[in-house]
file input_20.cif (mmCIF, C-alpha atoms)
data_model
#
loop_
_atom_site.group_PDB
_atom_site.id
_atom_site.type_symbol
_atom_site.label_atom_id
_atom_site.label_comp_id
_atom_site.auth_asym_id
_atom_site.auth_seq_id
_atom_site.Cartn_x
_atom_site.Cartn_y
_atom_site.Cartn_z
ATOM 1 C CA MET A 1 -5.794 16.165 -31.662
ATOM 2 C CA LYS A 2 -6.905 17.577 -28.339
ATOM 3 C CA ARG A 3 -9.761 16.071 -26.382
ATOM 4 C CA PRO A 4 -12.207 18.297 -24.469
ATOM 5 C CA GLY A 5 -11.540 18.563 -20.760
ATOM 6 C CA PHE A 6 -7.807 17.975 -20.959
ATOM 7 C CA ARG A 7 -5.320 20.486 -19.628
ATOM 8 C CA GLY A 8 -1.669 20.756 -20.529
ATOM 9 C CA ALA A 9 -0.246 19.107 -17.436
ATOM 10 C CA ILE A 10 2.967 17.334 -18.297
ATOM 11 C CA GLY A 11 4.656 19.166 -15.438
ATOM 12 C CA LEU A 12 2.178 17.707 -12.965
ATOM 13 C CA GLY A 13 2.741 14.189 -14.226
ATOM 14 C CA VAL A 14 6.505 14.461 -14.127
ATOM 15 C CA LEU A 15 6.432 16.000 -10.647
ATOM 16 C CA VAL A 16 4.157 13.363 -9.158
ATOM 17 C CA LEU A 17 5.762 10.373 -10.813
ATOM 18 C CA GLY A 18 9.309 11.632 -10.601
ATOM 19 C CA ALA A 19 8.969 12.366 -6.897
ATOM 20 C CA ALA A 20 8.234 8.702 -6.322
ATOM 21 C CA CYS A 21 11.744 7.874 -7.514
ATOM 22 C CA ALA A 22 13.528 10.245 -5.171
ATOM 23 C CA ARG A 23 15.754 8.730 -2.497
ATOM 24 C CA VAL A 24 17.761 10.492 0.146
ATOM 25 C CA ALA A 25 19.341 7.630 2.062
ATOM 26 C CA THR A 26 21.230 8.514 5.209
ATOM 27 C CA VAL A 27 22.004 4.976 6.456
ATOM 28 C CA PRO A 28 23.467 2.252 4.148
ATOM 29 C CA MET A 29 20.815 -0.356 3.351
ATOM 30 C CA ASP A 30 21.076 -4.105 3.619
ATOM 31 C CA ALA A 31 20.141 -6.155 0.549
ATOM 32 C CA ASP A 32 16.599 -7.043 1.691
ATOM 33 C CA SER A 33 15.772 -3.441 2.589
ATOM 34 C CA ALA A 34 17.157 -2.172 -0.711
ATOM 35 C CA SER A 35 15.077 -4.736 -2.619
ATOM 36 C CA PHE A 36 11.932 -3.668 -0.733
ATOM 37 C CA TYR A 37 12.617 0.029 -1.261
ATOM 38 C CA GLU A 38 13.265 -0.342 -4.998
ATOM 39 C CA THR A 39 9.577 -0.970 -5.639
ATOM 40 C CA ALA A 40 7.765 0.106 -2.462
ATOM 41 C CA ARG A 41 9.109 3.679 -2.818
ATOM 42 C CA LEU A 42 6.761 4.054 -5.768
ATOM 43 C CA ILE A 43 3.728 3.837 -3.478
ATOM 44 C CA MET A 44 5.246 5.444 -0.370
ATOM 45 C CA SER A 45 4.184 8.837 0.911
ATOM 46 C CA GLY A 46 6.868 11.464 1.458
ATOM 47 C CA PRO A 47 6.943 10.968 5.248
ATOM 48 C CA GLU A 48 7.259 7.195 4.815
ATOM 49 C CA LYS A 49 10.320 7.673 2.606
ATOM 50 C CA ASP A 50 11.838 9.992 5.186
ATOM 51 C CA ILE A 51 11.144 7.581 8.043
ATOM 52 C CA PHE A 52 12.557 4.571 6.181
ATOM 53 C CA ASN A 53 15.704 6.352 5.059
ATOM 54 C CA HIS A 54 16.487 7.419 8.643
ATOM 55 C CA LEU A 55 16.015 4.036 10.317
ATOM 56 C CA PRO A 56 19.166 3.159 12.254
ATOM 57 C CA ASP A 57 19.599 -0.566 11.617
ATOM 58 C CA VAL A 58 18.422 -3.745 9.903
ATOM 59 C CA GLY A 59 16.002 -4.671 12.692
ATOM 60 C CA ALA A 60 14.228 -1.322 12.519
ATOM 61 C CA ARG A 61 13.908 -1.627 8.741
ATOM 62 C CA ARG A 62 12.455 -5.121 8.990
ATOM 63 C CA GLU A 63 9.892 -3.892 11.478
ATOM 64 C CA PHE A 64 9.021 -0.962 9.208
ATOM 65 C CA ILE A 65 8.540 -3.301 6.236
ATOM 66 C CA GLU A 66 6.206 -5.527 8.266
ATOM 67 C CA ASP A 67 4.225 -2.479 9.421
ATOM 68 C CA PHE A 68 4.173 -1.035 5.889
ATOM 69 C CA TRP A 69 2.262 -4.007 4.495
ATOM 70 C CA GLU A 70 0.128 -4.460 7.619
ATOM 71 C CA LYS A 71 -1.168 -0.881 7.376
ATOM 72 C CA ARG A 72 -2.349 -1.574 3.835
ATOM 73 C CA ASP A 73 -3.943 -4.971 4.456
ATOM 74 C CA PRO A 74 -7.644 -4.483 3.630
ATOM 75 C CA ASP A 75 -8.694 -7.473 5.736
ATOM 76 C CA PRO A 76 -6.275 -8.112 8.642
ATOM 77 C CA ASP A 77 -8.439 -11.000 9.880
ATOM 78 C CA THR A 78 -7.429 -13.206 6.938
ATOM 79 C CA PRO A 79 -3.985 -14.792 6.429
ATOM 80 C CA GLU A 80 -3.653 -13.190 2.991
ATOM 81 C CA ASN A 81 -2.651 -9.583 2.433
ATOM 82 C CA GLU A 82 -4.634 -8.725 -0.682
ATOM 83 C CA PHE A 83 -2.858 -5.397 -1.064
ATOM 84 C CA HIS A 84 0.596 -6.995 -1.153
ATOM 85 C CA ASP A 85 -0.565 -9.719 -3.547
ATOM 86 C CA GLU A 86 -2.050 -7.119 -5.898
ATOM 87 C CA PHE A 87 1.070 -4.961 -5.656
ATOM 88 C CA VAL A 88 3.285 -7.886 -6.696
ATOM 89 C CA ARG A 89 0.916 -8.665 -9.576
ATOM 90 C CA ARG A 90 1.072 -5.063 -10.780
ATOM 91 C CA ILE A 91 4.875 -5.028 -10.599
ATOM 92 C CA GLU A 92 5.049 -8.182 -12.716
ATOM 93 C CA PHE A 93 2.475 -6.853 -15.193
ATOM 94 C CA CYS A 94 4.230 -3.496 -15.624
ATOM 95 C CA ASN A 95 7.653 -5.032 -16.156
ATOM 96 C CA HIS A 96 6.230 -7.474 -18.703
ATOM 97 C CA ARG A 97 3.874 -5.119 -20.534
ATOM 98 C CA PHE A 98 5.538 -1.692 -20.606
ATOM 99 C CA ILE A 99 8.891 -2.437 -22.240
ATOM 100 C CA GLU A 100 10.444 0.906 -23.136
ATOM 101 C CA GLY A 101 14.187 0.436 -22.697
ATOM 102 C CA THR A 102 13.878 0.401 -18.896
ATOM 103 C CA LYS A 103 11.917 -1.513 -16.270
ATOM 104 C CA GLY A 104 8.190 -1.142 -16.822
ATOM 105 C CA ILE A 105 7.667 0.289 -13.336
ATOM 106 C CA ASN A 106 9.974 3.180 -14.278
ATOM 107 C CA THR A 107 7.882 4.241 -17.277
ATOM 108 C CA ASP A 108 5.057 6.764 -17.112
ATOM 109 C CA ARG A 109 2.432 4.142 -17.883
ATOM 110 C CA GLY A 110 3.988 1.731 -15.418
ATOM 111 C CA ARG A 111 3.972 4.220 -12.559
ATOM 112 C CA VAL A 112 0.354 5.185 -13.163
ATOM 113 C CA TYR A 113 -0.689 1.541 -13.427
ATOM 114 C CA LEU A 114 1.206 0.656 -10.276
ATOM 115 C CA GLN A 115 -0.524 3.407 -8.294
ATOM 116 C CA LEU A 116 -4.033 3.309 -9.750
ATOM 117 C CA GLY A 117 -4.375 -0.090 -11.386
ATOM 118 C CA PRO A 118 -5.702 -0.793 -14.878
ATOM 119 C CA PRO A 119 -7.706 2.017 -16.492
ATOM 120 C CA GLU A 120 -11.451 1.547 -16.472
ATOM 121 C CA LYS A 121 -11.491 2.592 -20.113
ATOM 122 C CA GLU A 122 -8.676 2.800 -22.650
ATOM 123 C CA ASP A 123 -8.856 4.548 -26.033
ATOM 124 C CA ALA A 124 -6.186 4.842 -28.693
ATOM 125 C CA TYR A 125 -5.755 6.601 -32.025
ATOM 126 C CA THR A 126 -2.940 7.234 -34.493
ATOM 127 C CA ASN A 127 -1.496 10.675 -35.159
ATOM 128 C CA PRO A 128 -0.868 11.783 -38.762
ATOM 129 C CA ASN A 129 2.843 11.256 -38.084
ATOM 130 C CA GLY A 130 2.188 7.594 -37.274
ATOM 131 C CA THR A 131 2.632 7.784 -33.500
ATOM 132 C CA THR A 132 0.021 6.434 -31.112
ATOM 133 C CA VAL A 133 -1.941 8.430 -28.524
ATOM 134 C CA LEU A 134 -3.507 6.610 -25.553
ATOM 135 C CA TYR A 135 -6.258 7.817 -23.222
ATOM 136 C CA TRP A 136 -6.631 6.098 -19.863
ATOM 137 C CA SER A 137 -9.828 6.910 -17.967
ATOM 138 C CA TYR A 138 -10.333 6.272 -14.254
ATOM 139 C CA PHE A 139 -13.954 7.111 -13.530
ATOM 140 C CA THR A 140 -13.496 6.135 -9.880
ATOM 141 C CA TYR A 141 -10.969 8.971 -9.515
ATOM 142 C CA ALA A 142 -12.617 11.385 -12.011
ATOM 143 C CA LEU A 143 -9.322 11.250 -13.871
ATOM 144 C CA ALA A 144 -8.159 10.849 -17.471
ATOM 145 C CA ILE A 145 -4.560 10.730 -18.691
ATOM 146 C CA GLN A 146 -3.195 11.171 -22.204
ATOM 147 C CA PHE A 147 -0.015 9.308 -23.149
ATOM 148 C CA VAL A 148 1.783 10.124 -26.424
ATOM 149 C CA GLU A 149 4.260 7.806 -28.137
ATOM 150 C CA ASP A 150 7.604 9.292 -29.079
ATOM 151 C CA ARG A 151 8.513 9.485 -32.772
ATOM 152 C CA ALA A 152 10.955 6.606 -32.472
ATOM 153 C CA GLY A 153 8.193 4.376 -31.131
ATOM 154 C CA LEU A 154 10.225 3.505 -28.055
ATOM 155 C CA GLY A 155 7.843 4.594 -25.336
ATOM 156 C CA PHE A 156 4.952 6.726 -24.077
ATOM 157 C CA GLU A 157 5.006 9.900 -22.001
ATOM 158 C CA ILE A 158 2.247 11.706 -20.115
ATOM 159 C CA LYS A 159 1.240 14.800 -22.070
ATOM 160 C CA GLN A 160 -2.078 15.905 -20.600
ATOM 161 C CA ILE A 161 -4.188 15.198 -17.542
ATOM 162 C CA ALA A 162 -7.869 15.851 -16.830
ATOM 163 C CA GLY A 163 -8.627 15.707 -13.116
ATOM 164 C CA ASN A 164 -6.465 15.672 -10.032
ATOM 165 C CA LEU A 165 -3.640 13.137 -10.294
ATOM 166 C CA PHE A 166 -2.208 14.253 -6.941
ATOM 167 C CA ARG A 167 -5.491 13.458 -5.200
ATOM 168 C CA ALA A 168 -5.939 10.125 -6.958
ATOM 169 C CA ILE A 169 -2.454 8.980 -5.946
ATOM 170 C CA GLU A 170 -2.971 10.196 -2.383
ATOM 171 C CA TYR A 171 -6.164 8.167 -2.168
ATOM 172 C CA ALA A 172 -4.404 5.114 -3.569
ATOM 173 C CA GLN A 173 -1.444 5.512 -1.191
ATOM 174 C CA PHE A 174 -3.615 5.604 1.916
ATOM 175 C CA ASN A 175 -6.339 3.117 0.974
ATOM 176 C CA ALA A 176 -5.669 -0.551 0.332
ATOM 177 C CA PHE A 177 -6.468 -1.557 -3.234
ATOM 178 C CA GLY A 178 -6.146 -5.293 -2.766
ATOM 179 C CA SER A 179 -9.853 -6.104 -2.774
ATOM 180 C CA GLY A 180 -10.824 -3.446 -5.302
ATOM 181 C CA ARG A 181 -11.113 0.303 -5.166
ATOM 182 C CA GLY A 182 -13.971 0.067 -2.699
ATOM 183 C CA GLY A 183 -16.273 2.817 -3.863
ATOM 184 C CA ASP A 184 -16.050 6.207 -5.501
ATOM 185 C CA ALA A 185 -12.782 7.934 -4.613
ATOM 186 C CA ARG A 186 -13.869 11.313 -5.968
ATOM 187 C CA SER A 187 -15.035 12.295 -2.510
ATOM 188 C CA GLY A 188 -11.498 11.571 -1.327
ATOM 189 C CA LEU A 189 -10.319 10.398 2.044
ATOM 190 C CA ILE A 190 -12.284 11.183 5.181
ATOM 191 C CA PRO A 191 -10.822 14.591 6.038
ATOM 192 C CA PHE A 192 -10.080 13.964 9.691
ATOM 193 C CA SER A 193 -7.579 16.187 11.488
ATOM 194 C CA ALA A 194 -5.210 15.693 14.416
ATOM 195 C CA THR A 195 -3.387 18.012 16.804
ATOM 196 C CA TYR A 196 -0.879 17.567 19.590
ATOM 197 C CA ASP A 197 -0.920 19.474 22.886
ATOM 198 C CA ALA A 198 2.551 19.279 24.415
ATOM 199 C CA LYS A 199 1.402 20.711 27.757
ATOM 200 C CA ARG A 200 -1.473 18.289 28.172
ATOM 201 C CA LYS A 201 0.460 15.480 26.479
ATOM 202 C CA GLU A 202 -2.518 14.606 24.304
ATOM 203 C CA ILE A 203 -3.209 13.709 20.690
ATOM 204 C CA THR A 204 -6.644 14.904 19.615
ATOM 205 C CA ILE A 205 -8.335 13.451 16.520
ATOM 206 C CA SER A 206 -11.356 15.212 15.021
ATOM 207 C CA ILE A 207 -13.681 13.662 12.440
ATOM 208 C CA PRO A 208 -16.498 15.538 10.653
ATOM 209 C CA ARG A 209 -19.785 14.119 11.866
ATOM 210 C CA LYS A 210 -21.264 14.162 8.362
ATOM 211 C CA LYS A 211 -18.570 11.760 7.171
ATOM 212 C CA ILE A 212 -19.573 9.044 9.646
ATOM 213 C CA ASN A 213 -22.282 6.456 9.074
ATOM 214 C CA PHE A 214 -24.000 5.822 12.411
ATOM 215 C CA ARG A 215 -26.306 3.018 13.387
ATOM 216 C CA GLU A 216 -29.505 4.027 15.155
ATOM 217 C CA GLU A 217 -30.754 2.157 18.214
ATOM 218 C CA SER A 218 -33.616 3.340 20.431
ATOM 219 C CA GLY A 219 -33.270 6.978 19.410
ATOM 220 C CA GLU A 220 -29.485 7.020 19.809
ATOM 221 C CA LEU A 221 -26.777 7.131 17.167
ATOM 222 C CA LYS A 222 -23.818 4.823 17.669
ATOM 223 C CA VAL A 223 -20.504 4.117 15.971
ATOM 224 C CA ASP A 224 -17.473 1.990 16.848
ATOM 225 C CA LEU A 225 -14.105 3.186 15.626
ATOM 226 C CA ASP A 226 -10.730 1.458 15.883
ATOM 227 C CA PHE A 227 -7.673 3.708 16.079
ATOM 228 C CA LEU A 228 -4.204 2.404 15.266
ATOM 229 C CA ILE A 229 -1.459 4.981 15.814
ATOM 230 C CA TYR A 230 2.222 4.718 14.957
ATOM 231 C CA VAL A 231 4.721 7.284 16.218
ATOM 232 C CA TYR A 232 8.125 7.724 14.591
ATOM 233 C CA SER A 233 10.802 10.181 15.623
ATOM 234 C CA GLN A 234 12.256 11.845 12.528
ATOM 235 C CA SER A 235 15.707 10.536 13.383
ATOM 236 C CA GLY A 236 14.355 6.991 13.267
ATOM 237 C CA ALA A 237 15.752 6.290 16.722
ATOM 238 C CA GLN A 238 12.340 5.771 18.324
ATOM 239 C CA LYS A 239 9.131 4.100 17.224
ATOM 240 C CA ASP A 240 5.948 3.317 19.117
ATOM 241 C CA ARG A 241 2.570 1.867 18.320
ATOM 242 C CA PHE A 242 -0.685 1.796 20.219
ATOM 243 C CA GLU A 243 -4.298 1.054 19.426
ATOM 244 C CA ASP A 244 -7.672 1.740 20.981
ATOM 245 C CA ARG A 245 -11.336 1.172 20.222
ATOM 246 C CA ARG A 246 -13.713 4.019 20.912
ATOM 247 C CA ASN A 247 -17.490 3.651 21.074
ATOM 248 C CA PHE A 248 -19.476 6.811 20.471
ATOM 249 C CA VAL A 249 -23.102 6.995 21.612
ATOM 250 C CA GLY A 250 -25.403 10.020 21.729
ATOM 251 C CA PRO A 251 -29.039 11.106 21.361
ATOM 252 C CA ALA A 252 -29.880 11.434 17.683
ATOM 253 C CA LEU A 253 -30.847 15.126 17.863
ATOM 254 C CA GLU A 254 -27.693 16.068 19.753
ATOM 255 C CA VAL A 255 -25.407 14.120 17.430
ATOM 256 C CA GLU A 256 -27.007 15.628 14.337
ATOM 257 C CA ALA A 257 -26.369 19.089 15.761
ATOM 258 C CA THR A 258 -22.695 18.286 16.294
ATOM 259 C CA LYS A 259 -20.191 19.238 13.605
ATOM 260 C CA THR A 260 -17.221 17.198 14.813
ATOM 261 C CA LEU A 261 -16.550 14.042 16.785
ATOM 262 C CA THR A 262 -13.444 14.463 18.920
ATOM 263 C CA PHE A 263 -11.323 11.705 20.410
ATOM 264 C CA VAL A 264 -8.476 12.410 22.845
ATOM 265 C CA PHE A 265 -5.544 10.059 23.429
ATOM 266 C CA PRO A 266 -3.159 10.734 26.337
ATOM 267 C CA TYR A 267 0.346 10.377 24.925
ATOM 268 C CA GLU A 268 3.699 12.100 25.299
ATOM 269 C CA LEU A 269 5.597 12.402 22.043
ATOM 270 C CA PRO A 270 9.398 12.109 22.039
ATOM 271 C CA LYS A 271 11.273 15.392 22.000
ATOM 272 C CA GLY A 272 11.836 16.895 18.567
ATOM 273 C CA ARG A 273 9.980 16.305 15.324
ATOM 274 C CA ASN A 274 7.714 13.269 15.002
ATOM 275 C CA TYR A 275 5.622 11.589 12.350
ATOM 276 C CA VAL A 276 2.286 10.324 13.672
ATOM 277 C CA ASP A 277 0.663 7.793 11.342
ATOM 278 C CA ILE A 278 -3.049 7.376 12.164
ATOM 279 C CA LEU A 279 -5.319 4.631 10.821
ATOM 280 C CA ILE A 280 -9.050 4.690 11.582
ATOM 281 C CA SER A 281 -11.287 1.706 10.878
ATOM 282 C CA GLY A 282 -15.049 1.836 11.140
ATOM 283 C CA GLY A 283 -16.161 -1.568 9.944
ATOM 284 C CA ALA A 284 -18.215 -2.235 6.826
ATOM 285 C CA ASN A 285 -20.246 0.969 7.174
ATOM 286 C CA ASN A 286 -17.314 3.359 7.464
ATOM 287 C CA GLY A 287 -14.332 1.622 5.871
ATOM 288 C CA ARG A 288 -10.772 2.709 6.634
ATOM 289 C CA THR A 289 -8.899 5.956 6.343
ATOM 290 C CA ARG A 290 -5.345 7.020 7.092
ATOM 291 C CA LYS A 291 -3.168 10.123 7.362
ATOM 292 C CA ILE A 292 0.339 10.997 8.515
ATOM 293 C CA PHE A 293 0.863 14.125 10.610
ATOM 294 C CA THR A 294 4.042 15.919 11.610
ATOM 295 C CA PHE A 295 4.182 17.177 15.210
ATOM 296 C CA LYS A 296 7.016 18.833 17.074
ATOM 297 C CA ASN A 297 7.452 18.424 20.818
ATOM 298 C CA GLY A 298 9.679 21.010 22.431
#
call {"tool": "encode", "arguments": {"input": "input_20.cif", "output": "structure tokens"}}
result
Amino acid sequence: MKRPGFRGAIGLGVLVLGAACARVATVPMDADSASFYETARLIMSGPEKDIFNHLPDVGARREFIEDFWEKRDPDPDTPENEFHDEFVRRIEFCNHRFIEGTKGINTDRGRVYLQLGPPEKEDAYTNPNGTTVLYWSYFTYALAIQFVEDRAGLGFEIKQIAGNLFRAIEYAQFNAFGSGRGGDARSGLIPFSATYDAKRKEITISIPRKKINFREESGELKVDLDFLIYVYSQSGAQKDRFEDRRNFVGPALEVEATKTLTFVFPYELPKGRNYVDILISGGANNGRTRKIFTFKNG
């Protein structure tokens, strides 16, 4: 049976979920780092995997692990890290619930659950041949996934996808899920951009004005944004971190006529290729967003 709106997309599912298992280690890992990477790789972005696998020593890896969870903490002002707690819960649930001859986190259902959480709706029916077909719907992500049981009844594989699984996973990777999904993800991440000017030694971050929720005071529009920026050399030999709060204020008519808000940060990147991991927080009205950029200096 084929449900309306589904596309044959097994290749997409295998590519997205299989890529999460890839590892190209260049430096032997200590036991703690290997234990972290075994599960965290499933929610890492490609650049994060590359950074971690090029770190030169145990100390650098420990610092990366601390930063990794800190970046995903939805409420840094509390002692708990809701994202980490939820991640551990999902790992335990997957390994207990999706028993298919391997660890639950290595199954198709386990990997989807680990990234996106429990489906908001689950349907099931039985094929004429006796196998089960599952439909997981994620309305938050405008996504539905069909899993089909193999004839031996040993496990389920992704067969069809309706929606954009790439986009849903990207949203989940860069937005903490510890306190809930936090709104409708169909609009995606705030599409801010960043550039690096090697001559001026500046990082410029541009945010579409329409994506920002301003507060209005006495005819002016205002917003406070916190920028947290991590810089990693591709070799892993250098890492830096800096943060800054920027307060934007402008007459309402002028701001509304502006397409982009631009913020410039004086900074000289190390020579060679660098990953620049940018987190922007705008309080309750604007939430948090994050992207990793690749810049080359020289």
call {"tool": "resolve_selection", "arguments": {"input": "input_20.cif", "expression": "the PyMOL selection byres ((chain A and resi 278-285) around 8)", "output": "PyMOL selection string"}}
result
chain A and resi 71+213+223-230+276-277+286-293
call {"tool": "resolve_selection", "arguments": {"input": "input_20.cif", "expression": "the PyMOL selection byres ((chain A and resi 164) around 10)", "output": "list in words"}}
result
Leu12, Tyr141, Ala142, Leu143, Ala144, Ile161, Ala162, Gly163, Leu165, Phe166, Arg167, Ala168, Ile169 and Arg186 of chain A
call {"tool": "residues_around", "arguments": {"input": "input_20.cif", "residues": "Lys239 of chain A", "least_positions_apart": "5", "cutoff": "12 Å", "atoms": "all atoms listed in the file", "output": "ChimeraX atom specification"}}
result
/A:51-52,54-56,60-61,63-64,67,229-234,269-270,274-277
call {"tool": "write_last_selection", "arguments": {"input": "input_20.cif", "atoms": "C-alpha atoms", "output": "short mmCIF file (atom, residue, chain, number, x, y, z; two decimals), in the frame of the given file"}}
result
data_model
loop_
_atom_site.label_atom_id
_atom_site.label_comp_id
_atom_site.auth_asym_id
_atom_site.auth_seq_id
_atom_site.Cartn_x
_atom_site.Cartn_y
_atom_site.Cartn_z
CA ILE A 51 11.14 7.58 8.04
CA PHE A 52 12.56 4.57 6.18
CA HIS A 54 16.49 7.42 8.64
CA LEU A 55 16.02 4.04 10.32
CA PRO A 56 19.17 3.16 12.25
CA ALA A 60 14.23 -1.32 12.52
CA ARG A 61 13.91 -1.63 8.74
CA GLU A 63 9.89 -3.89 11.48
CA PHE A 64 9.02 -0.96 9.21
CA ASP A 67 4.22 -2.48 9.42
CA ILE A 229 -1.46 4.98 15.81
CA TYR A 230 2.22 4.72 14.96
CA VAL A 231 4.72 7.28 16.22
CA TYR A 232 8.12 7.72 14.59
CA SER A 233 10.80 10.18 15.62
CA GLN A 234 12.26 11.84 12.53
CA LEU A 269 5.60 12.40 22.04
CA PRO A 270 9.40 12.11 22.04
CA ASN A 274 7.71 13.27 15.00
CA TYR A 275 5.62 11.59 12.35
CA VAL A 276 2.29 10.32 13.67
CA ASP A 277 0.66 7.79 11.34
#
call {"tool": "resolve_selection", "arguments": {"input": "input_20.cif", "expression": "the PyMOL selection byres ((chain A and resi 216) around 12)", "output": "number ranges by chain"}}
result
A: 213-215, 217-223, 248-253, 255-256
call {"tool": "atom_distance", "arguments": {"input": "input_20.cif", "atom1": "atom CA of Asp85 of chain A", "atom2": "atom CA of Ile43 of chain A"}}
result
14.2 Å
call {"tool": "atom_distance", "arguments": {"input": "input_20.cif", "atom1": "atom CA of Lys49 of chain A", "atom2": "atom CA of Trp136 of chain A"}}
result
28.2 Å
call {"tool": "closest_residue", "arguments": {"input": "input_20.cif", "among": "A:Ala31, A:Phe156, A:Gly104, A:Gln115", "to": "Glu170 of chain A", "atoms": "all atoms listed in the file"}}
result
A:Gln115
call {"tool": "closest_residue", "arguments": {"input": "input_20.cif", "among": "A:Pro28, A:Pro266, A:Gly130, A:Pro191", "to": "Ala152 of chain A", "atoms": "all atoms listed in the file"}}
result
A:Gly130
call {"tool": "residues_around", "arguments": {"input": "input_20.cif", "residues": "Thr262 of chain A", "least_positions_apart": "2", "cutoff": "9 Å", "atoms": "all atoms listed in the file", "output": "list in words"}}
result
Thr204, Ile205, Ser206, Ile207, Pro208, Thr260 and Val264 of chain A
call {"tool": "decode", "arguments": {"input": "input_20.cif", "residues": "segment 86-118 of chain A", "atoms": "C-alpha atoms", "output": "PDB file, in the first residue's frame"}}
result
ATOM      1  CA  GLU A  86      17.254  14.243  26.822  1.00  0.00           C
ATOM      2  CA  PHE A  87      19.996  12.814  24.612  1.00  0.00           C
ATOM      3  CA  VAL A  88      20.901  10.219  27.256  1.00  0.00           C
ATOM      4  CA  ARG A  89      17.216   9.345  27.670  1.00  0.00           C
ATOM      5  CA  ARG A  90      16.837   8.837  23.922  1.00  0.00           C
ATOM      6  CA  ILE A  91      19.936   6.632  23.774  1.00  0.00           C
ATOM      7  CA  GLU A  92      18.561   4.434  26.555  1.00  0.00           C
ATOM      8  CA  PHE A  93      15.104   4.301  24.956  1.00  0.00           C
ATOM      9  CA  CYS A  94      16.440   3.367  21.510  1.00  0.00           C
ATOM     10  CA  ASN A  95      18.698   0.620  22.817  1.00  0.00           C
ATOM     11  CA  HIS A  96      15.850  -0.822  24.889  1.00  0.00           C
ATOM     12  CA  ARG A  97      13.029  -0.441  22.369  1.00  0.00           C
ATOM     13  CA  PHE A  98      14.519  -1.031  18.912  1.00  0.00           C
ATOM     14  CA  ILE A  99      16.097  -4.473  19.270  1.00  0.00           C
ATOM     15  CA  GLU A 100      16.988  -5.644  15.774  1.00  0.00           C
ATOM     16  CA  GLY A 101      20.166  -7.686  16.165  1.00  0.00           C
ATOM     17  CA  THR A 102      22.260  -4.561  16.797  1.00  0.00           C
ATOM     18  CA  LYS A 103      22.210  -1.597  19.165  1.00  0.00           C
ATOM     19  CA  GLY A 104      18.968   0.334  18.853  1.00  0.00           C
ATOM     20  CA  ILE A 105      20.798   3.558  17.998  1.00  0.00           C
ATOM     21  CA  ASN A 106      22.222   1.820  14.911  1.00  0.00           C
ATOM     22  CA  THR A 107      18.803   0.948  13.479  1.00  0.00           C
ATOM     23  CA  ASP A 108      16.853   3.185  11.119  1.00  0.00           C
ATOM     24  CA  ARG A 109      14.144   3.834  13.688  1.00  0.00           C
ATOM     25  CA  GLY A 110      16.723   4.429  16.391  1.00  0.00           C
ATOM     26  CA  ARG A 111      18.635   7.008  14.374  1.00  0.00           C
ATOM     27  CA  VAL A 112      15.486   8.916  13.464  1.00  0.00           C
ATOM     28  CA  TYR A 113      14.263   8.831  17.060  1.00  0.00           C
ATOM     29  CA  LEU A 114      17.632   9.968  18.349  1.00  0.00           C
ATOM     30  CA  GLN A 115      17.676  12.966  16.003  1.00  0.00           C
ATOM     31  CA  LEU A 116      14.017  13.995  16.006  1.00  0.00           C
ATOM     32  CA  GLY A 117      12.517  12.452  19.123  1.00  0.00           C
ATOM     33  CA  PRO A 118       9.278  10.471  19.327  1.00  0.00           C
TER      34      PRO A 118
END
